[in-house]
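The data block below is work.cif; it holds mmCIF, C-alpha atoms.
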```cif
data_run
#
loop_
_atom_site.label_atom_id
_atom_site.label_comp_id
_atom_site.auth_asym_id
_atom_site.auth_seq_id
_atom_site.Cartn_x
_atom_site.Cartn_y
_atom_site.Cartn_z
CA MET A 254 -3.82 16.82 1.31
CA THR A 255 -4.34 18.20 -2.16
CA ASP A 256 -6.72 17.26 -4.91
CA ALA A 257 -4.35 16.80 -7.80
CA PRO A 258 -5.58 16.29 -11.36
CA VAL A 259 -6.44 12.69 -12.09
CA SER A 260 -5.54 12.42 -15.74
CA GLY A 261 -2.30 12.73 -17.59
CA VAL A 262 0.88 10.75 -17.73
CA PRO A 263 2.73 10.41 -14.42
CA ALA A 264 6.17 11.94 -14.16
CA ALA A 265 9.08 9.59 -14.71
CA ASP A 266 10.08 9.61 -11.09
CA ASP A 267 6.64 8.94 -9.68
CA PHE A 268 7.59 5.43 -8.60
CA ASP A 269 11.17 5.68 -7.40
CA GLY A 270 12.37 6.32 -10.94
CA HIS A 271 9.89 4.08 -12.77
CA THR A 272 6.85 5.11 -14.76
CA LEU A 273 3.41 3.55 -14.60
CA GLU A 274 3.93 2.35 -18.16
CA GLU A 275 7.13 0.54 -17.14
CA LEU A 276 5.29 -1.09 -14.27
CA ALA A 277 2.48 -2.20 -16.60
CA GLU A 278 5.03 -3.74 -18.95
CA TYR A 279 6.76 -5.45 -16.03
CA LEU A 280 3.41 -6.90 -15.02
CA ASP A 281 2.87 -8.06 -18.63
CA ARG A 282 6.10 -10.03 -18.34
CA GLY A 283 4.87 -11.75 -15.20
CA ARG A 284 7.31 -9.72 -13.05
CA TYR A 285 10.11 -11.65 -14.73
CA PRO A 286 13.03 -11.26 -14.84
CA VAL A 287 12.82 -9.86 -11.35
CA ASP A 288 13.75 -6.18 -11.26
CA PRO A 289 15.17 -5.41 -7.81
CA SER A 290 14.69 -1.68 -8.27
CA ILE A 291 10.95 -2.27 -8.73
CA GLU A 292 10.48 -5.01 -6.16
CA SER A 293 12.38 -3.06 -3.53
CA SER A 294 10.20 0.03 -3.89
CA PRO A 295 7.06 0.34 -1.73
CA ALA A 296 5.50 2.73 -4.25
CA CYS A 297 6.12 0.29 -7.10
CA ARG A 298 4.69 -2.64 -5.16
CA ILE A 299 1.57 -0.72 -4.17
CA ALA A 300 1.09 0.40 -7.78
CA LEU A 301 1.70 -3.12 -9.13
CA ALA A 302 -0.94 -4.50 -6.77
CA GLY A 303 -3.40 -1.85 -7.97
CA LEU A 304 -2.64 -2.53 -11.62
CA GLN A 305 -2.97 -6.27 -11.10
CA ARG A 306 -6.39 -5.90 -9.49
CA LEU A 307 -7.51 -3.48 -12.22
CA ARG A 308 -6.68 -6.11 -14.81
CA GLU A 309 -8.39 -8.89 -12.91
CA ILE A 310 -11.53 -6.89 -12.28
CA ALA A 311 -11.84 -5.05 -15.54
CA GLY A 312 -9.80 -7.18 -17.92
CA PRO A 313 -12.65 -8.08 -20.30
CA LEU A 314 -13.88 -4.50 -20.24
CA LEU A 315 -10.41 -3.14 -20.93
CA GLN A 316 -10.19 -5.39 -23.97
CA GLN A 317 -13.63 -4.34 -25.19
CA GLU A 318 -12.69 -0.71 -24.87
CA ALA A 319 -9.37 -1.28 -26.57
CA ASP A 320 -11.23 -2.86 -29.49
CA ALA A 321 -13.87 -0.16 -29.70
CA ALA A 322 -13.61 2.42 -32.47
CA ALA A 323 -14.76 5.25 -30.24
CA ARG A 324 -12.98 4.50 -27.03
CA ASP A 325 -14.11 6.15 -23.85
CA ASP A 326 -11.38 5.41 -21.36
CA ARG A 327 -11.97 8.30 -18.99
CA TRP A 328 -12.65 5.94 -16.10
CA ILE A 329 -9.50 3.96 -16.85
CA ASP A 330 -7.45 7.16 -16.86
CA GLU A 331 -8.99 8.14 -13.58
CA VAL A 332 -8.21 4.83 -11.89
CA LEU A 333 -4.67 4.78 -13.28
CA GLY A 334 -4.19 8.38 -12.22
CA ARG A 335 -5.30 7.52 -8.72
CA ILE A 336 -2.98 4.53 -8.51
CA SER A 337 -0.17 6.80 -9.62
CA LEU A 338 -0.89 9.60 -7.19
CA GLU A 339 -1.79 7.54 -4.18
CA SER A 340 1.05 5.00 -4.16
CA ARG A 341 3.50 7.49 -2.67
CA ALA A 342 4.47 7.13 0.95
CA GLY A 343 3.01 10.43 2.15
CA ARG A 344 2.38 10.95 5.85
CA ARG A 345 3.51 8.57 8.58
CA PHE A 346 1.00 7.60 11.27
CA PRO A 347 2.50 6.30 14.55
CA PHE A 348 1.18 3.29 16.45
CA PRO A 349 0.72 4.19 20.11
CA ASP A 350 0.77 0.70 21.62
CA VAL A 351 4.23 -0.63 20.84
CA PRO A 352 7.06 -2.07 22.96
CA VAL A 353 9.19 0.34 24.97
CA GLY A 354 12.06 1.67 22.87
CA THR A 355 10.22 1.05 19.61
CA GLU A 356 8.66 3.60 17.29
CA ALA A 357 6.43 2.21 14.56
CA VAL A 358 4.59 4.01 11.80
CA VAL A 359 2.45 3.08 8.83
CA THR A 360 2.64 5.20 5.70
CA GLU A 361 -0.26 6.95 4.09
CA GLY A 362 0.55 5.11 0.85
CA ALA A 363 0.32 1.73 2.56
CA LEU A 364 -3.07 2.59 4.03
CA ARG A 365 -4.38 3.90 0.71
CA GLY A 366 -3.27 0.69 -0.94
CA LEU A 367 -5.09 -1.28 1.73
CA VAL A 368 -8.31 0.71 1.34
CA ARG A 369 -8.07 0.28 -2.41
CA ALA A 370 -7.55 -3.47 -2.06
CA ILE A 371 -10.53 -3.76 0.29
CA GLY A 372 -12.75 -1.87 -2.16
CA ASP A 373 -11.56 -3.86 -5.14
CA SER A 374 -12.26 -7.11 -3.30
CA ILE A 375 -16.00 -6.39 -3.47
CA PRO A 376 -17.55 -7.91 -6.60
CA GLY A 377 -18.54 -5.27 -9.14
CA VAL A 378 -16.56 -2.46 -7.46
CA LEU A 379 -13.45 -0.65 -8.64
CA THR A 380 -11.92 1.86 -6.25
CA GLY A 381 -11.13 5.38 -7.42
CA ARG A 382 -10.00 8.25 -5.26
CA VAL A 383 -9.19 7.49 -1.63
CA ARG A 384 -8.89 10.31 0.87
CA PHE A 385 -8.66 10.13 4.63
CA GLU A 386 -7.92 12.27 7.62
CA PRO A 387 -7.62 11.48 11.31
CA ASP A 388 -10.37 13.09 13.36
CA GLU A 389 -9.62 15.61 16.10
CA SER A 390 -9.11 12.90 18.72
CA GLY A 391 -6.53 11.19 16.54
CA THR A 392 -8.11 7.81 17.21
CA ARG A 393 -10.47 7.59 14.25
CA LEU A 394 -9.90 7.93 10.54
CA ASP A 395 -12.53 9.65 8.43
CA LEU A 396 -12.54 8.35 4.87
CA ALA A 397 -13.92 9.55 1.55
CA VAL A 398 -13.76 6.98 -1.22
CA ASP A 399 -14.93 7.25 -4.83
CA VAL A 400 -15.83 4.04 -6.60
CA THR A 401 -16.92 2.85 -10.00
CA VAL A 402 -19.50 0.06 -10.09
CA PHE A 403 -20.40 -2.26 -12.88
CA TYR A 404 -23.96 -2.30 -14.16
CA GLY A 405 -26.05 -4.85 -12.30
CA THR A 406 -24.17 -4.42 -9.04
CA SER A 407 -26.38 -3.50 -6.11
CA ILE A 408 -24.96 -0.20 -4.90
CA GLN A 409 -26.62 -0.64 -1.53
CA SER A 410 -25.14 -4.10 -1.00
CA ALA A 411 -21.72 -3.05 -2.29
CA SER A 412 -21.69 -0.02 0.03
CA ALA A 413 -22.66 -2.14 3.00
CA ALA A 414 -19.93 -4.67 2.19
CA PHE A 415 -17.37 -1.89 1.81
CA ARG A 416 -18.27 -0.39 5.19
CA GLU A 417 -18.20 -3.76 6.88
CA ARG A 418 -14.80 -4.74 5.48
CA ILE A 419 -13.19 -1.37 6.11
CA ALA A 420 -14.41 -1.36 9.71
CA LEU A 421 -13.00 -4.85 10.22
CA LEU A 422 -9.69 -4.64 8.38
CA LEU A 423 -8.41 -1.07 8.64
CA PRO A 424 -7.94 -1.11 12.43
CA ARG A 425 -5.80 -4.24 12.09
CA HIS A 426 -3.24 -2.26 10.12
CA ALA A 427 -3.65 1.30 11.28
CA PRO A 428 -3.59 3.11 14.61
CA PHE A 429 -7.17 4.18 13.99
CA ALA A 430 -10.71 2.95 14.19
CA VAL A 431 -12.92 3.86 11.26
CA GLY A 432 -14.82 7.10 11.74
CA ALA A 433 -16.95 8.53 8.97
CA LEU A 434 -16.93 6.74 5.64
CA ASP A 435 -18.20 8.78 2.72
CA LEU A 436 -18.58 6.44 -0.22
CA ARG A 437 -19.41 8.02 -3.56
CA VAL A 438 -20.32 6.16 -6.73
CA ARG A 439 -18.75 8.19 -9.51
CA ASP A 440 -19.44 5.90 -12.47
CA VAL A 441 -21.67 3.02 -13.45
CA LEU A 442 -20.17 1.08 -16.30
CA GLU A 443 -22.63 -0.47 -18.71
CA ARG A 444 -20.52 -3.42 -19.67
CA GLY A 445 -19.04 -5.27 -16.77
CA PRO A 446 -16.86 -8.34 -16.64
CA GLU A 447 -18.40 -11.70 -15.95
CA GLN A 448 -19.00 -12.06 -12.26
CA PRO A 449 -18.31 -15.39 -10.59
CA MET B 17 31.02 0.52 9.66
CA THR B 18 32.68 -1.98 11.95
CA ASN B 19 32.49 -5.74 11.36
CA GLY B 20 30.34 -5.96 14.47
CA LEU B 21 27.75 -3.61 13.07
CA ALA B 22 27.86 -5.26 9.65
CA SER B 23 27.28 -8.71 11.06
CA ARG B 24 24.47 -7.46 13.28
CA ARG B 25 22.87 -5.82 10.28
CA ALA B 26 23.06 -9.05 8.28
CA ALA B 27 21.62 -11.08 11.15
CA ILE B 28 18.74 -8.64 11.54
CA GLU B 29 17.98 -8.73 7.81
CA LEU B 30 17.85 -12.50 7.83
CA ASP B 31 15.68 -12.80 10.92
CA VAL B 32 13.21 -10.11 9.92
CA VAL B 33 12.53 -11.45 6.43
CA SER B 34 12.06 -14.92 7.95
CA LEU B 35 9.19 -13.76 10.14
CA PRO B 36 5.69 -14.86 9.10
CA GLY B 37 3.82 -11.77 7.99
CA VAL B 38 6.85 -9.92 6.70
CA ARG B 39 6.74 -9.87 2.90
CA ALA B 40 9.77 -7.76 2.13
CA LEU B 41 12.44 -5.65 3.72
CA TYR B 42 12.90 -2.44 1.77
CA PRO B 43 16.08 -0.44 1.33
CA SER B 44 16.22 2.61 3.53
CA SER B 45 16.02 4.86 0.46
CA PRO B 46 15.37 4.48 -3.28
CA LEU B 47 19.02 5.21 -4.01
CA PRO B 48 20.90 2.23 -5.51
CA GLY B 49 22.81 0.26 -2.92
CA ALA B 50 20.95 1.76 0.03
CA PRO B 51 21.07 -0.51 3.09
CA LYS B 52 17.96 -2.42 4.18
CA VAL B 53 18.81 -2.11 7.83
CA VAL B 54 20.34 1.04 9.23
CA ILE B 55 22.11 0.85 12.59
CA SER B 56 23.52 3.93 14.21
CA GLU B 57 25.20 4.36 17.55
CA HIS B 58 25.26 7.49 19.65
CA GLY B 59 26.75 7.63 23.10
CA GLY B 60 26.62 3.91 23.58
CA ALA B 61 22.95 3.60 22.57
CA ALA B 62 22.19 1.82 19.31
CA ARG B 63 19.26 2.55 17.03
CA CYS B 64 17.95 0.40 14.17
CA GLU B 65 15.70 1.50 11.30
CA LEU B 66 13.60 -0.79 9.12
CA ARG B 67 11.04 -0.37 6.30
CA ILE B 68 8.94 -3.42 5.60
CA ALA B 69 6.10 -4.80 3.51
CA VAL B 70 3.63 -6.73 5.60
CA ASP B 71 1.03 -9.38 5.03
CA GLY B 72 -2.54 -8.10 5.12
CA ASP B 73 -3.63 -11.11 7.15
CA VAL B 74 -1.46 -10.24 10.13
CA ALA B 75 -2.39 -7.50 12.59
CA ALA B 76 0.17 -4.71 12.50
CA GLU B 77 0.70 -4.32 16.25
CA ASP B 78 1.28 -8.08 16.67
CA LEU B 79 3.81 -7.96 13.86
CA ILE B 80 5.55 -4.92 15.32
CA ARG B 81 6.02 -6.80 18.62
CA GLU B 82 7.42 -9.84 16.78
CA VAL B 83 9.77 -7.70 14.71
CA THR B 84 10.98 -5.94 17.85
CA VAL B 85 11.78 -9.22 19.56
CA ALA B 86 13.46 -10.66 16.46
CA VAL B 87 15.61 -7.58 15.83
CA ARG B 88 16.81 -7.28 19.41
CA ARG B 89 17.56 -11.00 19.58
CA ALA B 90 19.48 -10.91 16.28
CA ALA B 91 21.40 -7.86 17.39
CA GLY B 92 22.08 -9.30 20.82
CA ASP B 93 20.93 -6.04 22.34
CA ASP B 94 17.74 -5.92 24.42
CA ALA B 95 18.03 -2.15 24.69
CA LEU B 96 18.27 -1.53 20.96
CA GLU B 97 15.99 1.32 19.93
CA LEU B 98 13.89 0.56 16.90
CA HIS B 99 12.13 2.56 14.22
CA ILE B 100 9.82 0.44 12.07
CA GLU B 101 7.99 1.75 9.01
CA LEU B 102 5.18 -0.30 7.48
CA ALA B 103 5.61 0.87 3.90
CA SER B 104 3.15 -1.42 2.12
CA ILE B 105 0.46 -3.92 3.02
CA ASP B 106 0.16 -6.81 0.58
#
```
Could you show the structure in this file as C-alpha cells?
Amino acid sequence: MTDAPVSGVPAADDFDGHTLEELAEYLDRGRYPVDPSIESSPACRIALAGLQRLREIAGPLLQQEADAAARDDRWIDEVLGRISLESRAGRRFPFPDVPVGTEAVVTEGALRGLVRAIGDSIPGVLTGRVRFEPDESGTRLDLAVDVTVFYGTSIQSASAAFRERIALLLPRHAPFAVGALDLRVRDVLERGPEQP
Amino acid sequence: MTNGLASRRAAIELDVVSLPGVRALYPSSPLPGAPKVVISEHGGAARCELRIAVDGDVAAEDLIREVTVAVRRAAGDDALELHIELASID
C-alpha cells in the first residue's frame, strides 16, 4: 500500500470516469435524475456515501468556512482526498468459510468504506486516512486510522467507541478479526456542528 | 450467448437483487453495457460471476450462503461454480 498525497484534484477517471466534483454535484441534486453510470459503480457509491456523511457531520462547519474571508480548508481537502483515494476497489480478500464451489471476496475499497462509516458514526468524529493490513496469520486485520475530532469531543470516549464498534462490525463483513487498531487524532476543529 | 444462458442470466439477476441484504448488482466492469452476471461454460462446467453491494446490517458470510443458494436455484444448476465479489457495503 502506498501513502499517496492527500491534496489536489482527483484525476477524471478516479471514479469509473467520474470526478469527485461531479459526484458532489450529483449529491446536490438529490441523486436525481438517476445516473446509471454513477449508481452502478462501487467506487462512486462508496465516495457518495463518504461525501454524504461529510456533509451531515460537518455541514454547518463547511458553511462557516465557505463564508470566512480567510478560509482554512486543509482538513476538508484531506478528507476529500482520502475519500477519493480510498474508494477504489484495491485488493480482494477471500472468505474462507463459504459453500463448496463458491469463491467469495470483499474488496479493500468496500472495507475502507465500512471503516470510514463506522468512524463517522461516532458523534464528533470525522474519519481521515484508513490503512489496514492482514497480520501474518491472515486471520486478523491491523488498522491505522486518522481522525479529526470536533472541539468538546472526549477523545478518550470517542476512541473507546471506535474500538468497540470496529471490533463488533468489521468481522461481520470481512474474513478477519480486528487485530491492532492505531487511532490517531490528526486535527481538533475549534468550531464543531451542533451535536444532538 | 445461447438463449439458455441469457435466460439463466436474467433469472439470476432478478433473484439476487430480490434478496434481503443485497443493495445492488454491479456490472462486471465499468465499461458501458457490461453484463451484471457473467456465465461461462468450460467442459460442461458452468461458472457465474457477480459483484454486489451489500447491506451493512447483514453478516457477509450469511449473505454469501443465501446468494449461492439463490443463484444455483435460479440457474437450475446445483453444481454451478460461483465467484462473488462484495464491492461495497452500504
Around (-7.2, 10.8, 5.3), as given in the file, which residues come within 8 Å? Count all atoms listed in the file and list them as a ChimeraX atom specification. /A:254,383-387,394-397
Dump as an mmCIF file, in the coordinates of the input, selection limited to C-alpha atoms:
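Everything below was put into out.cif:
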```
data_model
loop_
_atom_site.group_PDB
_atom_site.id
_atom_site.type_symbol
_atom_site.label_atom_id
_atom_site.label_comp_id
_atom_site.auth_asym_id
_atom_site.auth_seq_id
_atom_site.Cartn_x
_atom_site.Cartn_y
_atom_site.Cartn_z
ATOM 1 C CA MET A 254 -3.820 16.820 1.310
ATOM 2 C CA VAL A 383 -9.190 7.490 -1.630
ATOM 3 C CA ARG A 384 -8.890 10.310 0.870
ATOM 4 C CA PHE A 385 -8.660 10.130 4.630
ATOM 5 C CA GLU A 386 -7.920 12.270 7.620
ATOM 6 C CA PRO A 387 -7.620 11.480 11.310
ATOM 7 C CA LEU A 394 -9.900 7.930 10.540
ATOM 8 C CA ASP A 395 -12.530 9.650 8.430
ATOM 9 C CA LEU A 396 -12.540 8.350 4.870
ATOM 10 C CA ALA A 397 -13.920 9.550 1.550
#
```
(request) Anything within 12 Å of (-23.0, 6.6, -17.3): list those residues as a ChimeraX atom specification, counting all atoms listed in the file and sticking to the file's coordinates. (result) /A:325,327-328,401-404,438-444
Those residues you just picked out, can you put them in a file as a CSV table (one decimal), in the frame of the given file with C-alpha atoms?
```csv
chain,number,residue,atom,x,y,z
A,325,ASP,CA,-14.1,6.2,-23.8
A,327,ARG,CA,-12.0,8.3,-19.0
A,328,TRP,CA,-12.6,5.9,-16.1
A,401,THR,CA,-16.9,2.8,-10.0
A,402,VAL,CA,-19.5,0.1,-10.1
A,403,PHE,CA,-20.4,-2.3,-12.9
A,404,TYR,CA,-24.0,-2.3,-14.2
A,438,VAL,CA,-20.3,6.2,-6.7
A,439,ARG,CA,-18.8,8.2,-9.5
A,440,ASP,CA,-19.4,5.9,-12.5
A,441,VAL,CA,-21.7,3.0,-13.4
A,442,LEU,CA,-20.2,1.1,-16.3
A,443,GLU,CA,-22.6,-0.5,-18.7
A,444,ARG,CA,-20.5,-3.4,-19.7
```
Output the contact residues of chain B with respect to chain A at a cut-off of 7 Å, based on all atoms listed in the file, as a tab-separated table (two decimals) with C-alpha atoms, keeping the file's coordinate frame.
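Generated output (part-v7.tsv):
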```tsv
chain	number	residue	atom	x	y	z
B	42	TYR	CA	12.90	-2.44	1.77
B	43	PRO	CA	16.08	-0.44	1.33
B	46	PRO	CA	15.37	4.48	-3.28
B	75	ALA	CA	-2.39	-7.50	12.59
B	76	ALA	CA	0.17	-4.71	12.50
B	77	GLU	CA	0.70	-4.32	16.25
B	81	ARG	CA	6.02	-6.80	18.62
B	97	GLU	CA	15.99	1.32	19.93
B	98	LEU	CA	13.89	0.56	16.90
B	99	HIS	CA	12.13	2.56	14.22
B	100	ILE	CA	9.82	0.44	12.07
B	101	GLU	CA	7.99	1.75	9.01
B	102	LEU	CA	5.18	-0.30	7.48
B	103	ALA	CA	5.61	0.87	3.90
B	104	SER	CA	3.15	-1.42	2.12
B	105	ILE	CA	0.46	-3.92	3.02
```
Under the PyMOL selection byres ((chain B and resi 86) around 10), which residues of this model are included? Write them out as a PyMOL selection string. chain B and resi 27-32+34-35+80-85+87-92
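What separates CA of Thr392 in chain A from CA of Gly72 in chain B is a distance of 20.7 Å.
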As a check of understanding: the span from CA of Leu436 in chain A to CA of Gly372 in chain A is 10.3 Å
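Minimum distance to Leu21 in chain B across B:Val54, B:Ala61, B:Leu79, B:Val38 (counting all atoms listed in the file) occurs at B:Val54.
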Practice task
Name the closest residue to Arg25 in chain B among the candidates B:Leu47, B:Ala62, B:Ala40, B:Val70; distances are taken between atoms, counting only C-alpha atoms.
Solution key: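 That would be B:Ala62, the residue with the smallest distance to Arg25 in chain B.
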From CA of Gln409 in chain A to CA of Asp330 in chain A the spacing works out at 25.8 Å
